[in-house]
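Dropping upload-v6.pdb in here (PDB, C-alpha atoms and all ligand atoms):
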ATOM      1  CA  MET O   1      90.780  86.693 105.113  1.00  0.00           C
ATOM      2  CA  LEU O   2      92.883  89.635 106.282  1.00  0.00           C
ATOM      3  CA  ASP O   3      95.102  88.983 109.253  1.00  0.00           C
ATOM      4  CA  LEU O   4      94.411  92.084 111.331  1.00  0.00           C
ATOM      5  CA  GLN O   5      97.501  91.597 113.485  1.00  0.00           C
ATOM      6  CA  VAL O   6      99.721  91.600 110.432  1.00  0.00           C
ATOM      7  CA  LEU O   7      97.832  94.596 109.047  1.00  0.00           C
ATOM      8  CA  ARG O   8      98.268  96.496 112.327  1.00  0.00           C
ATOM      9  CA  ALA O   9     102.002  95.745 112.405  1.00  0.00           C
ATOM     10  CA  TYR O  10     102.322  97.156 108.887  1.00  0.00           C
ATOM     11  CA  LEU O  11     100.247 100.193 109.773  1.00  0.00           C
ATOM     12  CA  GLU O  12     102.471 101.046 112.692  1.00  0.00           C
ATOM     13  CA  GLU O  13     105.682 100.762 110.719  1.00  0.00           C
ATOM     14  CA  VAL O  14     105.550 103.935 108.607  1.00  0.00           C
ATOM     15  CA  SER O  15     103.135 106.735 107.958  1.00  0.00           C
ATOM     16  CA  PHE O  16     102.860 107.029 104.201  1.00  0.00           C
ATOM     17  CA  LEU O  17     100.381 105.265 102.018  1.00  0.00           C
ATOM     18  CA  ARG O  18     101.032 101.892 100.428  1.00  0.00           C
ATOM     19  CA  LEU O  19      99.047 100.283  97.676  1.00  0.00           C
ATOM     20  CA  PHE O  20      98.927  96.533  97.369  1.00  0.00           C
ATOM     21  CA  SER O  21      97.612  94.115  94.816  1.00  0.00           C
ATOM     22  CA  PRO O  22      98.418  90.396  94.624  1.00  0.00           C
ATOM     23  CA  CYS O  23     101.159  91.213  92.103  1.00  0.00           C
ATOM     24  CA  PHE O  24     103.058  94.166  93.510  1.00  0.00           C
ATOM     25  CA  SER O  25     103.326  96.762  96.238  1.00  0.00           C
ATOM     26  CA  SER O  26     103.752 100.510  95.801  1.00  0.00           C
ATOM     27  CA  CYS O  27     104.318 103.468  98.027  1.00  0.00           C
ATOM     28  CA  ARG O  28     102.905 106.958  97.441  1.00  0.00           C
ATOM     29  CA  ILE O  29     104.147 110.030  99.293  1.00  0.00           C
ATOM     30  CA  ARG O  30     101.580 112.805  99.410  1.00  0.00           C
ATOM     31  CA  PRO O  31     102.482 116.498  99.150  1.00  0.00           C
ATOM     32  CA  GLN O  32     102.475 118.607 102.294  1.00  0.00           C
ATOM     33  CA  LEU O  33      99.111 120.071 103.287  1.00  0.00           C
ATOM     34  CA  SER O  34      98.883 123.875 103.721  1.00  0.00           C
ATOM     35  CA  LYS O  35      98.573 123.367 107.457  1.00  0.00           C
ATOM     36  CA  GLU O  36     101.828 121.415 107.519  1.00  0.00           C
ATOM     37  CA  LYS O  37     103.577 124.126 105.488  1.00  0.00           C
ATOM     38  CA  ILE O  38     102.313 126.831 107.856  1.00  0.00           C
ATOM     39  CA  GLU O  39     103.511 124.822 110.827  1.00  0.00           C
ATOM     40  CA  GLY O  40     106.958 124.570 109.192  1.00  0.00           C
ATOM     41  CA  CYS O  41     106.935 120.771 109.000  1.00  0.00           C
ATOM     42  CA  HIS O  42     109.930 119.285 107.227  1.00  0.00           C
ATOM     43  CA  ILE O  43     109.713 116.715 104.457  1.00  0.00           C
ATOM     44  CA  CYS O  44     111.542 113.672 105.787  1.00  0.00           C
ATOM     45  CA  THR O  45     111.252 111.434 102.721  1.00  0.00           C
ATOM     46  CA  SER O  46     113.352 111.342  99.577  1.00  0.00           C
ATOM     47  CA  VAL O  47     113.068 109.043  96.603  1.00  0.00           C
ATOM     48  CA  THR O  48     116.286 107.502  95.283  1.00  0.00           C
ATOM     49  CA  PRO O  49     116.603 108.629  91.624  1.00  0.00           C
ATOM     50  CA  GLY O  50     115.950 105.785  89.202  1.00  0.00           C
ATOM     51  CA  GLU O  51     115.098 103.340  91.987  1.00  0.00           C
ATOM     52  CA  PRO O  52     111.732 102.378  93.518  1.00  0.00           C
ATOM     53  CA  GLN O  53     113.156 103.196  96.906  1.00  0.00           C
ATOM     54  CA  VAL O  54     112.172 105.719  99.549  1.00  0.00           C
ATOM     55  CA  LEU O  55     114.524 107.015 102.215  1.00  0.00           C
ATOM     56  CA  LEU O  56     113.032 107.970 105.523  1.00  0.00           C
ATOM     57  CA  GLY O  57     115.353 110.434 107.190  1.00  0.00           C
ATOM     58  CA  LYS O  58     118.943 109.691 106.231  1.00  0.00           C
ATOM     59  CA  ASP O  59     119.287 105.973 106.619  1.00  0.00           C
ATOM     60  CA  LYS O  60     115.995 104.066 106.638  1.00  0.00           C
ATOM     61  CA  ALA O  61     115.439 102.714 103.136  1.00  0.00           C
ATOM     62  CA  PHE O  62     112.321 100.898 101.892  1.00  0.00           C
ATOM     63  CA  THR O  63     112.049  99.310  98.463  1.00  0.00           C
ATOM     64  CA  TYR O  64     108.823  98.586  96.579  1.00  0.00           C
ATOM     65  CA  ASP O  65     107.846  97.673  93.045  1.00  0.00           C
ATOM     66  CA  PHE O  66     106.908 101.326  92.490  1.00  0.00           C
ATOM     67  CA  VAL O  67     107.481 104.482  94.504  1.00  0.00           C
ATOM     68  CA  PHE O  68     105.525 107.634  93.701  1.00  0.00           C
ATOM     69  CA  ASP O  69     106.957 110.913  94.932  1.00  0.00           C
ATOM     70  CA  LEU O  70     105.086 114.048  96.052  1.00  0.00           C
ATOM     71  CA  ASP O  71     104.247 115.306  92.557  1.00  0.00           C
ATOM     72  CA  THR O  72     102.610 112.148  91.175  1.00  0.00           C
ATOM     73  CA  TRP O  73      99.280 112.558  89.361  1.00  0.00           C
ATOM     74  CA  GLN O  74      96.290 110.353  90.060  1.00  0.00           C
ATOM     75  CA  GLU O  75      96.377 109.175  86.438  1.00  0.00           C
ATOM     76  CA  GLN O  76      99.972 107.942  86.816  1.00  0.00           C
ATOM     77  CA  ILE O  77      98.986 105.861  89.838  1.00  0.00           C
ATOM     78  CA  TYR O  78      96.039 104.402  87.947  1.00  0.00           C
ATOM     79  CA  THR O  79      97.969 103.607  84.778  1.00  0.00           C
ATOM     80  CA  THR O  80     100.911 102.063  86.604  1.00  0.00           C
ATOM     81  CA  CYS O  81      99.120 100.108  89.313  1.00  0.00           C
ATOM     82  CA  VAL O  82      95.518  99.434  88.388  1.00  0.00           C
ATOM     83  CA  GLY O  83      94.788  99.658  84.650  1.00  0.00           C
ATOM     84  CA  LYS O  84      96.355  96.267  83.938  1.00  0.00           C
ATOM     85  CA  LEU O  85      94.282  94.658  86.688  1.00  0.00           C
ATOM     86  CA  ILE O  86      91.064  95.827  85.053  1.00  0.00           C
ATOM     87  CA  GLU O  87      92.258  94.526  81.686  1.00  0.00           C
ATOM     88  CA  GLY O  88      93.008  91.251  83.519  1.00  0.00           C
ATOM     89  CA  CYS O  89      89.354  91.065  84.631  1.00  0.00           C
ATOM     90  CA  PHE O  90      88.423  90.561  80.992  1.00  0.00           C
ATOM     91  CA  GLU O  91      90.779  87.581  80.905  1.00  0.00           C
ATOM     92  CA  GLY O  92      89.068  86.046  83.924  1.00  0.00           C
ATOM     93  CA  TYR O  93      91.342  87.283  86.714  1.00  0.00           C
ATOM     94  CA  ASN O  94      89.883  88.789  89.882  1.00  0.00           C
ATOM     95  CA  ALA O  95      91.460  92.031  91.043  1.00  0.00           C
ATOM     96  CA  THR O  96      91.956  93.428  94.505  1.00  0.00           C
ATOM     97  CA  VAL O  97      93.622  96.676  95.488  1.00  0.00           C
ATOM     98  CA  LEU O  98      94.349  97.425  99.113  1.00  0.00           C
ATOM     99  CA  ALA O  99      95.484 100.836 100.352  1.00  0.00           C
ATOM    100  CA  TYR O 100      96.773 101.197 103.843  1.00  0.00           C
ATOM    101  CA  GLY O 101      98.527 103.802 105.903  1.00  0.00           C
ATOM    102  CA  GLN O 102      98.092 106.114 108.857  1.00  0.00           C
ATOM    103  CA  THR O 103      95.152 108.517 109.044  1.00  0.00           C
ATOM    104  CA  GLY O 104      95.943 111.427 106.743  1.00  0.00           C
ATOM    105  CA  ALA O 105      98.350 109.403 104.579  1.00  0.00           C
ATOM    106  CA  GLY O 106      96.106 109.797 101.507  1.00  0.00           C
ATOM    107  CA  LYS O 107      94.135 106.543 101.240  1.00  0.00           C
ATOM    108  CA  THR O 108      90.759 108.175 100.575  1.00  0.00           C
ATOM    109  CA  TYR O 109      92.278 110.640  98.099  1.00  0.00           C
ATOM    110  CA  THR O 110      94.144 107.927  96.194  1.00  0.00           C
ATOM    111  CA  MET O 111      91.305 105.397  96.165  1.00  0.00           C
ATOM    112  CA  GLY O 112      88.863 108.172  95.214  1.00  0.00           C
ATOM    113  CA  THR O 113      86.312 107.158  97.781  1.00  0.00           C
ATOM    114  CA  GLY O 114      85.579 110.649  99.090  1.00  0.00           C
ATOM    115  CA  PHE O 115      83.092 110.807  96.203  1.00  0.00           C
ATOM    116  CA  ASP O 116      83.410 114.574  96.183  1.00  0.00           C
ATOM    117  CA  MET O 117      81.310 115.755  93.241  1.00  0.00           C
ATOM    118  CA  ASN O 118      83.339 118.981  92.860  1.00  0.00           C
ATOM    119  CA  ILE O 119      86.716 117.500  92.022  1.00  0.00           C
ATOM    120  CA  SER O 120      88.182 117.787  88.541  1.00  0.00           C
ATOM    121  CA  GLU O 121      88.651 114.764  86.295  1.00  0.00           C
ATOM    122  CA  ASN O 122      92.415 114.959  86.911  1.00  0.00           C
ATOM    123  CA  GLU O 123      91.868 114.472  90.598  1.00  0.00           C
ATOM    124  CA  GLN O 124      89.684 111.394  90.295  1.00  0.00           C
ATOM    125  CA  GLY O 125      90.994 108.470  92.260  1.00  0.00           C
ATOM    126  CA  ILE O 126      91.308 104.768  91.573  1.00  0.00           C
ATOM    127  CA  ILE O 127      87.727 103.556  92.063  1.00  0.00           C
ATOM    128  CA  PRO O 128      85.919 106.001  89.738  1.00  0.00           C
ATOM    129  CA  ARG O 129      88.648 105.431  87.141  1.00  0.00           C
ATOM    130  CA  ALA O 130      88.406 101.654  87.477  1.00  0.00           C
ATOM    131  CA  ILE O 131      84.610 101.686  87.116  1.00  0.00           C
ATOM    132  CA  GLY O 132      84.857 103.904  84.016  1.00  0.00           C
ATOM    133  CA  HIS O 133      87.558 101.645  82.545  1.00  0.00           C
ATOM    134  CA  LEU O 134      85.506  98.517  83.251  1.00  0.00           C
ATOM    135  CA  PHE O 135      82.348  99.800  81.586  1.00  0.00           C
ATOM    136  CA  SER O 136      84.156 101.307  78.602  1.00  0.00           C
ATOM    137  CA  GLY O 137      85.939  97.935  78.195  1.00  0.00           C
ATOM    138  CA  ILE O 138      82.562  96.205  78.155  1.00  0.00           C
ATOM    139  CA  GLU O 139      81.193  98.603  75.536  1.00  0.00           C
ATOM    140  CA  GLU O 140      84.319  98.171  73.403  1.00  0.00           C
ATOM    141  CA  ARG O 141      83.990  94.376  73.412  1.00  0.00           C
ATOM    142  CA  LYS O 142      80.303  94.539  72.567  1.00  0.00           C
ATOM    143  CA  ARG O 143      80.964  96.907  69.676  1.00  0.00           C
ATOM    144  CA  ALA O 144      83.866  94.787  68.406  1.00  0.00           C
ATOM    145  CA  ALA O 145      81.688  91.645  68.375  1.00  0.00           C
ATOM    146  CA  GLN O 146      78.827  93.419  66.596  1.00  0.00           C
ATOM    147  CA  SER O 147      81.112  94.944  63.998  1.00  0.00           C
ATOM    148  CA  GLN O 148      82.227  91.384  63.146  1.00  0.00           C
ATOM    149  CA  GLY O 149      78.593  90.310  62.757  1.00  0.00           C
ATOM    150  CA  MET O 150      78.610  88.340  66.029  1.00  0.00           C
ATOM    151  CA  ALA O 151      76.088  88.557  68.873  1.00  0.00           C
ATOM    152  CA  ALA O 152      77.139  91.062  71.554  1.00  0.00           C
ATOM    153  CA  PRO O 153      78.631  89.236  74.563  1.00  0.00           C
ATOM    154  CA  GLU O 154      76.798  89.440  77.870  1.00  0.00           C
ATOM    155  CA  PHE O 155      78.588  90.713  80.951  1.00  0.00           C
ATOM    156  CA  LYS O 156      77.803  90.301  84.609  1.00  0.00           C
ATOM    157  CA  VAL O 157      79.608  92.677  86.952  1.00  0.00           C
ATOM    158  CA  SER O 158      79.652  92.424  90.712  1.00  0.00           C
ATOM    159  CA  ALA O 159      81.672  94.579  93.085  1.00  0.00           C
ATOM    160  CA  GLN O 160      82.496  94.554  96.764  1.00  0.00           C
ATOM    161  CA  PHE O 161      83.615  97.487  98.823  1.00  0.00           C
ATOM    162  CA  LEU O 162      84.986  97.112 102.313  1.00  0.00           C
ATOM    163  CA  GLU O 163      86.631  99.494 104.759  1.00  0.00           C
ATOM    164  CA  VAL O 164      88.745  97.993 107.501  1.00  0.00           C
ATOM    165  CA  GLY O 165      89.621  99.956 110.625  1.00  0.00           C
ATOM    166  CA  ALA O 166      92.423  99.087 113.010  1.00  0.00           C
ATOM    167  CA  SER O 167      93.368 100.535 116.383  1.00  0.00           C
ATOM    168  CA  GLY O 168      97.022 100.772 117.371  1.00  0.00           C
ATOM    169  CA  SER O 169      98.756 100.527 120.712  1.00  0.00           C
ATOM    170  CA  GLY O 170      98.150 103.361 123.196  1.00  0.00           C
ATOM    171  CA  GLY O 171      94.574 103.688 121.979  1.00  0.00           C
ATOM    172  CA  THR O 172      95.496 105.443 118.721  1.00  0.00           C
ATOM    173  CA  LEU O 173      92.804 104.918 116.131  1.00  0.00           C
ATOM    174  CA  TRP O 174      94.284 104.271 112.716  1.00  0.00           C
ATOM    175  CA  GLY O 175      92.403 105.311 109.631  1.00  0.00           C
ATOM    176  CA  GLY O 176      90.158 103.068 107.621  1.00  0.00           C
ATOM    177  CA  THR O 177      91.860 100.940 105.048  1.00  0.00           C
ATOM    178  CA  VAL O 178      90.040 100.459 101.801  1.00  0.00           C
ATOM    179  CA  LEU O 179      89.749  97.167 100.053  1.00  0.00           C
ATOM    180  CA  SER O 180      87.797  96.830  96.867  1.00  0.00           C
ATOM    181  CA  THR O 181      87.198  94.010  94.494  1.00  0.00           C
ATOM    182  CA  ALA O 182      85.710  93.975  91.052  1.00  0.00           C
ATOM    183  CA  LEU O 183      84.749  90.778  89.337  1.00  0.00           C
ATOM    184  CA  VAL O 184      83.632  90.428  85.753  1.00  0.00           C
ATOM    185  CA  ALA O 185      82.102  87.369  84.213  1.00  0.00           C
ATOM    186  CA  TRP O 186      81.256  87.336  80.539  1.00  0.00           C
ATOM    187  CA  ALA O 187      79.948  84.972  77.986  1.00  0.00           C
ATOM    188  CA  PRO O 188      81.447  85.647  74.561  1.00  0.00           C
TER     189      PRO O 188
HETATM  190  N1  LIG O 201      98.391 113.021  96.512  1.00  0.00           N
HETATM  191  C1  LIG O 201      97.742 114.041  97.117  1.00  0.00           C
HETATM  192  N2  LIG O 201      97.719 115.262  96.564  1.00  0.00           N
HETATM  193  C2  LIG O 201      97.075 116.293  97.167  1.00  0.00           C
HETATM  194  N3  LIG O 201      96.413 116.177  98.335  1.00  0.00           N
HETATM  195  C3  LIG O 201      96.388 114.970  98.928  1.00  0.00           C
HETATM  196  C4  LIG O 201      97.045 113.833  98.355  1.00  0.00           C
HETATM  197  N4  LIG O 201      96.861 112.771  99.172  1.00  0.00           N
HETATM  198  C5  LIG O 201      96.114 113.206 100.188  1.00  0.00           C
HETATM  199  N5  LIG O 201      95.829 114.527 100.060  1.00  0.00           N
HETATM  200  C6  LIG O 201      95.078 115.365 101.004  1.00  0.00           C
HETATM  201  O1  LIG O 201      95.558 115.011 102.299  1.00  0.00           O
HETATM  202  C7  LIG O 201      94.487 114.947 103.238  1.00  0.00           C
HETATM  203  C8  LIG O 201      94.437 113.569 103.883  1.00  0.00           C
HETATM  204  O2  LIG O 201      94.174 112.597 102.874  1.00  0.00           O
HETATM  205  P1  LIG O 201      93.100 111.424 103.041  1.00  0.00           P
HETATM  206  O3  LIG O 201      92.968 110.774 101.714  1.00  0.00           O
HETATM  207  O4  LIG O 201      91.844 111.928 103.672  1.00  0.00           O
HETATM  208  O5  LIG O 201      93.874 110.468 104.070  1.00  0.00           O
HETATM  209  P2  LIG O 201      93.386 109.066 104.725  1.00  0.00           P
HETATM  210  O6  LIG O 201      92.187 108.577 103.987  1.00  0.00           O
HETATM  211  O7  LIG O 201      94.568 108.171 104.561  1.00  0.00           O
HETATM  212  O8  LIG O 201      93.116 109.365 106.159  1.00  0.00           O
HETATM  213  C9  LIG O 201      93.209 115.294 102.472  1.00  0.00           C
HETATM  214  O9  LIG O 201      92.975 116.686 102.654  1.00  0.00           O
HETATM  215  C10 LIG O 201      93.590 115.029 101.012  1.00  0.00           C
HETATM  216  O10 LIG O 201      92.852 115.825 100.113  1.00  0.00           O
HETATM  217 MG    MG O 202      90.264 108.136 104.692  1.00  0.00          MG
END

Please lay out the structure from this file as structure tokens.
Amino acid sequence: MLDLQVLRAYLEEVSFLRLFSPCFSSCRIRPQLSKEKIEGCHICTSVTPGEPQVLLGKDKAFTYDFVFDLDTWQEQIYTTCVGKLIEGCFEGYNATVLAYGQTGAGKTYTMGTGFDMNISENEQGIIPRAIGHLFSGIEERKRAAQSQGMAAPEFKVSAQFLEVGASGSGGTLWGGTVLSTALVAWAP
């Protein structure tokens, strides 16, 4: 169960996106939007070279397992944070990825839940990549078994998708947080 009070406290702390799994936490800083450039907004974050640390302004430092600066590709996020979790599913581990942050922080973009049909493959987010990875992993294992003269293993896949909303103090409505779980059971 998610403790919404804890979640809200986190949400109010900083405005950039954080990705969580049971094993690690990461922070992704999105590039400025055109509107923000036109309005002359300043970038107030900097990533400490060689360290998974982000500085907010001059003196507020936050450390994570991974920090992804403005120019990070979707693929880098997937490979670093999620790919291993999907491989873990084949070993019997459940996987959960939680993205949270203020509205506009980049949760939908990073999770890939806008399901915009016009985006390029490079821009695909975590969920479409994870589904592709899962099903190609299944095919690979079936082919490997058959090529060794064994019966193809059977797989059962179930997935849950949940969006959590939270409202902050002063009536501010914070953006939906995405939680997704994929579970694979297979009989070799
Ligand atoms: N890493 C990124 N690179 C380019 N554009 C991004 C990135 N992250 C977010 N955006 C853009 O920023 C805007 C807000 O992102 P969005 O994912 O909708 O935020 P949230 O879901 O947290 O409210 C969208 O226009 C989105 O396309
Ligand atoms: Mg969103």

Centre and edge lengths, as AutoDock Vina command-line options, for the axis-aligned box enclosing every listed atom of ligand LIG 201 (chain O) with 8 Å of padding on each of the six sides, in Å to one decimal?
--center_x 95.1 --center_y 112.4 --center_z 101.3 --size_x 22.5 --size_y 24.5 --size_z 25.6

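Picked by the PyMOL selection byres (((not hetatm)) within 8 of (chain O and resi 201)) from the coordinates shown: O:Leu17, O:Arg28, O:Ile29, O:Arg30, O:Pro31, O:Gln32, O:Leu33, O:Leu70, O:Asp71, O:Thr72, O:Trp73, O:Gln74, O:Tyr100, O:Gly101, O:Gln102, O:Thr103, O:Gly104, O:Ala105, O:Gly106, O:Lys107, O:Thr108, O:Tyr109, O:Thr110, O:Met111, O:Gly114, O:Gly175, O:Gly176, O:Thr177.
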
Selection above as a file: C-alpha atoms, as a PDB file, keeping the file's coordinate frame:
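Now in out-v3.pdb:
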ATOM      1  CA  LEU O  17     100.381 105.265 102.018  1.00  0.00           C
ATOM      2  CA  ARG O  28     102.905 106.958  97.441  1.00  0.00           C
ATOM      3  CA  ILE O  29     104.147 110.030  99.293  1.00  0.00           C
ATOM      4  CA  ARG O  30     101.580 112.805  99.410  1.00  0.00           C
ATOM      5  CA  PRO O  31     102.482 116.498  99.150  1.00  0.00           C
ATOM      6  CA  GLN O  32     102.475 118.607 102.294  1.00  0.00           C
ATOM      7  CA  LEU O  33      99.111 120.071 103.287  1.00  0.00           C
ATOM      8  CA  LEU O  70     105.086 114.048  96.052  1.00  0.00           C
ATOM      9  CA  ASP O  71     104.247 115.306  92.557  1.00  0.00           C
ATOM     10  CA  THR O  72     102.610 112.148  91.175  1.00  0.00           C
ATOM     11  CA  TRP O  73      99.280 112.558  89.361  1.00  0.00           C
ATOM     12  CA  GLN O  74      96.290 110.353  90.060  1.00  0.00           C
ATOM     13  CA  TYR O 100      96.773 101.197 103.843  1.00  0.00           C
ATOM     14  CA  GLY O 101      98.527 103.802 105.903  1.00  0.00           C
ATOM     15  CA  GLN O 102      98.092 106.114 108.857  1.00  0.00           C
ATOM     16  CA  THR O 103      95.152 108.517 109.044  1.00  0.00           C
ATOM     17  CA  GLY O 104      95.943 111.427 106.743  1.00  0.00           C
ATOM     18  CA  ALA O 105      98.350 109.403 104.579  1.00  0.00           C
ATOM     19  CA  GLY O 106      96.106 109.797 101.507  1.00  0.00           C
ATOM     20  CA  LYS O 107      94.135 106.543 101.240  1.00  0.00           C
ATOM     21  CA  THR O 108      90.759 108.175 100.575  1.00  0.00           C
ATOM     22  CA  TYR O 109      92.278 110.640  98.099  1.00  0.00           C
ATOM     23  CA  THR O 110      94.144 107.927  96.194  1.00  0.00           C
ATOM     24  CA  MET O 111      91.305 105.397  96.165  1.00  0.00           C
ATOM     25  CA  GLY O 114      85.579 110.649  99.090  1.00  0.00           C
ATOM     26  CA  GLY O 175      92.403 105.311 109.631  1.00  0.00           C
ATOM     27  CA  GLY O 176      90.158 103.068 107.621  1.00  0.00           C
ATOM     28  CA  THR O 177      91.860 100.940 105.048  1.00  0.00           C
TER      29      THR O 177
END

| For ligand MG 202 (chain O), which residue out of O:Ile131, O:Ala99, O:Val157, O:Leu55 is the nearest one, using all atoms listed in the file? | O:Ala99

| task | Find the residue from O:Arg141, O:Thr113, O:Pro49, O:Lys35 that sits nearest to ligand MG 202 (chain O); use all atoms listed in the file when measuring. | result |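 Distance minimum relative to ligand MG 202 (chain O) lands on O:Thr113.
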
| task | Go ahead and compute the interatomic distance for CA of Gln76 in chain O and CA of Gly88 in chain O, in Å to one decimal. | result |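 A separation of 18.4 Å between them.
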
| Pairwise distance for CA of Leu162 in chain O and CA of Gly125 in chain O, rounded to one decimal in Å |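 Answer for the CA of Leu162 in chain O to CA of Gly125 in chain O separation: 16.3 Å.
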